[in-house]
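Engineer: Would you mind keeping the following structure in view while I ask a few things?
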There are 2 protein chains.
Amino acid sequence: MQDLKEFIRDIPDWPKEGIIFKDITPLLKSRESFARAIDTLAAHFGDENVDLVLGAEARGFIIGGALAYKLGCGFIPARKPGKLPWETTSAEYELEYGTDSLEVHKDSIFPGARVLVVDDVLATGGTASAKAKLVEELGGKVVGIAFLMELTFLAGRDRLAGYDVYSLMSY
Amino acid sequence: MQDLKEFIRDIPDWPKEGIIFKDITPLLKSRESFARAIDTLAAHFGDENVDLVLGAEARGFIIGGALAYKLGCGFIPARKPGKLPWETTSAEYELEYGTDSLEVHKDSIFPGARVLVVDDVLATGGTASAKAKLVEELGGKVVGIAFLMELTFLAGRDRLAGYDVYSLMSY
């Protein structure tokens with residue numbers, strides 16, 4: 001069976017010069033690699049009695065929607081400010097210059113809910129940390145944080161100490 | 001079993017005054033309604049030998065990711081301009097004032113691919129029509145267009161004549 005890394009395409013100088021972007025679209029479009037990625041993530045967290053999967057727009061919605069379906073869970077969207085229609089709570093995270101934030105609906109996570117946070121890439125860990133904070137603020141328990149890939153040189157894992165962090169691929 | 005419509009929340013005056021927004025987040029967060037929605041869509045198109053599911057950001061990614069997984073297909077993201085990292089082709093659609101467009105990677109759909117287009121809401125049919133055009137431009141065949149819900153007073157279905165259009169809920 002092909003290594004999942006063979007389905008990741010390097011895009012030089014994107015989104016800006018000097019960055020090599022890891023494009024996951026070849027992995028998503030192959031039925032074999034997409035199913036294998038979701039099945040492997042689900043297997044790792046299968047014993048955690050996950051109630052809800054939380055993913056952030058946009059790529060986290062693709063992985064998160066599939067993973068929630070596979071685990072027989074509900075899905076909670078974390079969105080950019082102003083995108084969710086009902087009452088929200090928000091958490092900030094740092095960008096290279098400045099800050100941004102993510103929002104979830106206040107009624108999205110019931111107290112005691114066992115929540116799996118998911119995204120495509122673990123870089124600095126800033127957005128994953130914000131998502132975990134949102135879950136905990138609403139009384140949920142973060143049972144794990146799942147990624148398709150991890151950019152180890154950015155040490156995002158250190159920022160997520162104390163959580164069960166699992167990535168399918170490391171670079 | 002509860003009607004799926006019981007999981008849709010009306011949000012008055014959002015995103016602007018006079019609009020009643022249909023919020024799908026309660027449907028997504030319930031494991032029963034989320035699984036039932038995906039299973040019902042998959043059952044309708046289960047005999048179509050679907051190769052690829054195409055969904056547009058952001059809510060179409062949640063439904064599309066889960067549906068692609070369920071059908072054992074690959075997933076193709078259609079995105080707002082400038083979001084995809086490789087070579088793209090784009091299709092315009094009309095807004096209330098002006099136009100916007102969606103892009104897909106040029107290598108996303110192989111010639112002859114049987115593609116299911118999916119989104120959360122069928123309103124005027126403009127974005128679904130743009131997605132179908134992208135599929136056909138790349139040599140794929142649109143085997144169906146699936147929605148969680150359809151706003152029948154906007155007559156989007158007329159714009160999609162000739163396609164197998166299927167919605168779980170109508171308003």
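Ordered as shown in the structure tokens, chains take letters A, B, and onward, while each chain numbers its residues from 1 and ligands are numbered from 1 in the order shown.
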Neighbours of Leu122 of chain B within 7 Å (only C-alpha atoms; same-chain residues fewer than 3 positions away dropped), as a ChimeraX atom specification?
Structural biologist: /B:125,147,149-151,156
Engineer: Considering only C-alpha atoms, return as a short mmCIF file (atom, residue, chain, number, x, y, z; two decimals) with C-alpha atoms, in the first residue's frame whatever protein or nucleic-acid residues lie within 8 Å of segment 60-70 of chain A, sequence-local ones (same chain, fewer than 3 positions apart) excluded.
Structural biologist:
data_model
loop_
_atom_site.label_atom_id
_atom_site.label_comp_id
_atom_site.auth_asym_id
_atom_site.auth_seq_id
_atom_site.Cartn_x
_atom_site.Cartn_y
_atom_site.Cartn_z
CA ILE A 38 -10.19 8.75 8.22
CA ASP A 39 -10.12 5.10 9.31
CA LEU A 41 -7.66 8.59 12.83
CA ALA A 42 -10.91 6.92 13.93
CA LEU A 52 -18.53 15.32 19.29
CA VAL A 53 -15.88 16.12 16.72
CA LEU A 54 -14.91 19.78 16.49
CA GLY A 55 -13.22 21.10 13.33
CA ALA A 56 -12.39 24.57 12.07
CA GLU A 57 -13.14 25.93 8.63
CA CYS A 73 -20.64 11.48 16.50
CA GLY A 74 -22.05 14.92 16.02
CA PHE A 75 -19.94 17.61 14.35
CA PRO A 77 -18.01 23.79 13.36
CA VAL A 118 -9.43 17.80 14.44
CA ASP A 119 -7.60 19.76 11.78
CA ASP A 120 -5.47 19.14 8.72
CA PHE B 34 -26.13 13.85 11.25
CA ALA B 35 -25.82 10.13 10.50
CA ALA B 58 -17.52 26.01 4.03
CA ARG B 59 -20.67 24.07 5.03
CA PHE B 61 -17.18 20.60 3.17
CA ILE B 62 -18.84 19.09 6.26
CA ILE B 63 -21.62 17.33 4.37
CA GLY B 64 -19.38 16.53 1.41
CA GLY B 65 -16.55 15.06 3.49
CA ALA B 66 -18.92 12.77 5.35
CA LEU B 67 -20.80 11.78 2.21
CA ALA B 68 -17.60 11.01 0.29
CA TYR B 69 -16.44 8.82 3.16
CA LYS B 70 -19.79 7.02 3.32
#
Engineer: Considering only strand (DSSP E or B) as DSSP defines it on the backbone, what residues of segment 1-127 of chain A qualify? List them as a PyMOL selection string.
Structural biologist: chain A and resi 9-12+20-23+52-56+74-79+88-94+99-105+114-122
Engineer: Between B:Pro85, B:Gly46, B:Pro111, B:Gly140, which has the minimum distance to Lys22 of chain A (counting only C-alpha atoms)?
Structural biologist: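 Checking each candidate against Lys22 of chain A, we get B:Pro85 as the closest.
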Engineer: In terms of the shortest atom-to-atom distance over only C-alpha atoms, which of B:Gly72, B:Gly112, B:Gly126, B:Pro81 is closest to Glu96 of chain B?
Structural biologist: B:Gly126
Engineer: With only C-alpha atoms as the atoms that count, which of B:Leu134, B:Ala155, B:Leu148, B:Ala43 lies nearest to Ile8 of chain B?
Structural biologist: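 Closest to Ile8 of chain B of all the choices is B:Leu148.
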Engineer: Point out the residue among B:Arg79, B:Lys29, B:Arg159, B:His44 with the least atom-to-atom distance to Thr124 of chain B, counting only C-alpha atoms.
Structural biologist: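 Closest residue, counting only C-alpha atoms: B:Arg159.
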Engineer: Could you go through segment 29-123 of chain B and tell me which residues DSSP, when run on the backbone, assigns to alpha helix (DSSP H), listing them as a PyMOL selection string?
Structural biologist: chain B and resi 29+31-45+59-71
Engineer: Only N, CA, C and O atoms, please: the residues just picked out, written as a tab-separated table (two decimals), in the first residue's frame.
Structural biologist:
chain	number	residue	atom	x	y	z
B	29	LYS	N	-24.79	18.59	15.07
B	29	LYS	CA	-24.24	18.20	16.38
B	29	LYS	C	-24.92	16.98	16.97
B	29	LYS	O	-24.39	16.37	17.91
B	31	ARG	N	-25.71	13.19	16.87
B	31	ARG	CA	-25.16	12.04	16.14
B	31	ARG	C	-26.26	11.35	15.32
B	31	ARG	O	-26.00	10.86	14.23
B	32	GLU	N	-27.50	11.35	15.85
B	32	GLU	CA	-28.58	10.66	15.13
B	32	GLU	C	-28.94	11.40	13.85
B	32	GLU	O	-29.04	10.80	12.78
B	33	SER	N	-29.16	12.71	13.95
B	33	SER	CA	-29.61	13.43	12.75
B	33	SER	C	-28.49	13.57	11.73
B	33	SER	O	-28.73	13.49	10.52
B	34	PHE	N	-27.25	13.74	12.19
B	34	PHE	CA	-26.13	13.85	11.25
B	34	PHE	C	-25.98	12.55	10.47
B	34	PHE	O	-25.91	12.54	9.24
B	35	ALA	N	-25.96	11.43	11.18
B	35	ALA	CA	-25.82	10.13	10.50
B	35	ALA	C	-27.00	9.87	9.57
B	35	ALA	O	-26.83	9.39	8.45
B	36	ARG	N	-28.20	10.23	10.04
B	36	ARG	CA	-29.37	9.96	9.20
B	36	ARG	C	-29.34	10.79	7.93
B	36	ARG	O	-29.68	10.31	6.84
B	37	ALA	N	-28.93	12.05	8.05
B	37	ALA	CA	-28.84	12.91	6.86
B	37	ALA	C	-27.86	12.33	5.84
B	37	ALA	O	-28.17	12.20	4.65
B	38	ILE	N	-26.67	11.96	6.31
B	38	ILE	CA	-25.66	11.43	5.39
B	38	ILE	C	-26.12	10.09	4.80
B	38	ILE	O	-26.00	9.85	3.59
B	39	ASP	N	-26.67	9.23	5.63
B	39	ASP	CA	-27.11	7.91	5.15
B	39	ASP	C	-28.22	8.04	4.10
B	39	ASP	O	-28.26	7.28	3.13
B	40	THR	N	-29.13	8.99	4.30
B	40	THR	CA	-30.24	9.15	3.37
B	40	THR	C	-29.76	9.70	2.03
B	40	THR	O	-30.18	9.24	0.96
B	41	LEU	N	-28.85	10.67	2.08
B	41	LEU	CA	-28.26	11.18	0.83
B	41	LEU	C	-27.50	10.07	0.11
B	41	LEU	O	-27.62	9.89	-1.11
B	42	ALA	N	-26.72	9.32	0.87
B	42	ALA	CA	-25.92	8.24	0.26
B	42	ALA	C	-26.82	7.18	-0.36
B	42	ALA	O	-26.53	6.66	-1.44
B	43	ALA	N	-27.92	6.87	0.30
B	43	ALA	CA	-28.83	5.84	-0.22
B	43	ALA	C	-29.42	6.28	-1.56
B	43	ALA	O	-29.56	5.48	-2.49
B	44	HIS	N	-29.75	7.57	-1.66
B	44	HIS	CA	-30.37	8.05	-2.91
B	44	HIS	C	-29.42	7.91	-4.10
B	44	HIS	O	-29.85	7.64	-5.22
B	45	PHE	N	-28.12	8.12	-3.85
B	45	PHE	CA	-27.15	8.10	-4.95
B	45	PHE	C	-26.28	6.84	-4.93
B	45	PHE	O	-25.29	6.75	-5.65
B	59	ARG	N	-19.77	25.13	4.53
B	59	ARG	CA	-20.67	24.07	5.03
B	59	ARG	C	-20.71	22.86	4.11
B	59	ARG	O	-20.92	21.74	4.57
B	60	GLY	N	-20.50	23.09	2.80
B	60	GLY	CA	-20.48	21.95	1.87
B	60	GLY	C	-19.34	21.00	2.13
B	60	GLY	O	-19.38	19.84	1.70
B	61	PHE	N	-18.31	21.47	2.83
B	61	PHE	CA	-17.18	20.60	3.17
B	61	PHE	C	-17.59	19.57	4.24
B	61	PHE	O	-17.09	18.45	4.24
B	62	ILE	N	-18.44	19.99	5.16
B	62	ILE	CA	-18.84	19.09	6.26
B	62	ILE	C	-19.69	17.95	5.70
B	62	ILE	O	-19.40	16.77	5.93
B	63	ILE	N	-20.73	18.32	4.97
B	63	ILE	CA	-21.62	17.33	4.37
B	63	ILE	C	-20.86	16.50	3.33
B	63	ILE	O	-20.98	15.28	3.27
B	64	GLY	N	-20.09	17.20	2.51
B	64	GLY	CA	-19.38	16.53	1.41
B	64	GLY	C	-18.32	15.56	1.90
B	64	GLY	O	-18.15	14.47	1.34
B	65	GLY	N	-17.58	15.95	2.94
B	65	GLY	CA	-16.55	15.06	3.49
B	65	GLY	C	-17.16	13.78	4.03
B	65	GLY	O	-16.69	12.68	3.75
B	66	ALA	N	-18.25	13.94	4.77
B	66	ALA	CA	-18.92	12.77	5.35
B	66	ALA	C	-19.54	11.89	4.26
B	66	ALA	O	-19.45	10.66	4.31
B	67	LEU	N	-20.14	12.53	3.27
B	67	LEU	CA	-20.80	11.78	2.21
B	67	LEU	C	-19.77	11.04	1.34
B	67	LEU	O	-20.00	9.88	0.94
B	68	ALA	N	-18.65	11.68	1.06
B	68	ALA	CA	-17.60	11.01	0.29
B	68	ALA	C	-17.10	9.79	1.05
B	68	ALA	O	-16.91	8.71	0.49
B	69	TYR	N	-16.90	9.96	2.36
B	69	TYR	CA	-16.44	8.82	3.16
B	69	TYR	C	-17.47	7.68	3.10
B	69	TYR	O	-17.12	6.52	2.87
B	70	LYS	N	-18.73	8.03	3.31
B	70	LYS	CA	-19.79	7.02	3.32
B	70	LYS	C	-19.89	6.28	1.99
B	70	LYS	O	-20.08	5.06	1.94
B	71	LEU	N	-19.74	7.02	0.88
B	71	LEU	CA	-19.86	6.41	-0.45
B	71	LEU	C	-18.56	5.75	-0.91
B	71	LEU	O	-18.52	5.15	-1.99
Engineer: So the first atom is atom CA of Asp23 of chain A and the second is atom CA of Tyr171 of chain A; what is the distance between them in Å, to one decimal place?
Structural biologist: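 Between atom CA of Asp23 of chain A and atom CA of Tyr171 of chain A the gap works out to 13.0 Å.
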Engineer: Please identify all polymer residues within 12 Å of segment 89-94 of chain A, counting only C-alpha atoms, omitting same-chain residues fewer than 2 positions from it, and present them as a PyMOL selection string.
Structural biologist: chain A and resi 78-87+96-109+124-138
Engineer: Can you tell me how far atom CA of Val143 of chain B sits from atom CA of Ala123 of chain B, in Å to one decimal?
Structural biologist: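 Interatomic distance, atom CA of Val143 of chain B to atom CA of Ala123 of chain B: 19.8 Å.
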Engineer: Check the smallest atom-to-atom distance from each of A:Asp164, A:Asp3, A:Asp51, A:Asp158 to chain B using only C-alpha atoms, then report the winner.
Structural biologist: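 Of the candidates, the smallest distance to chain B is held by A:Asp51.
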Engineer: Provide the atom CA of Thr25 of chain B to atom CA of Leu116 of chain A distance in Å, to one decimal place.
Structural biologist: 17.0 Å
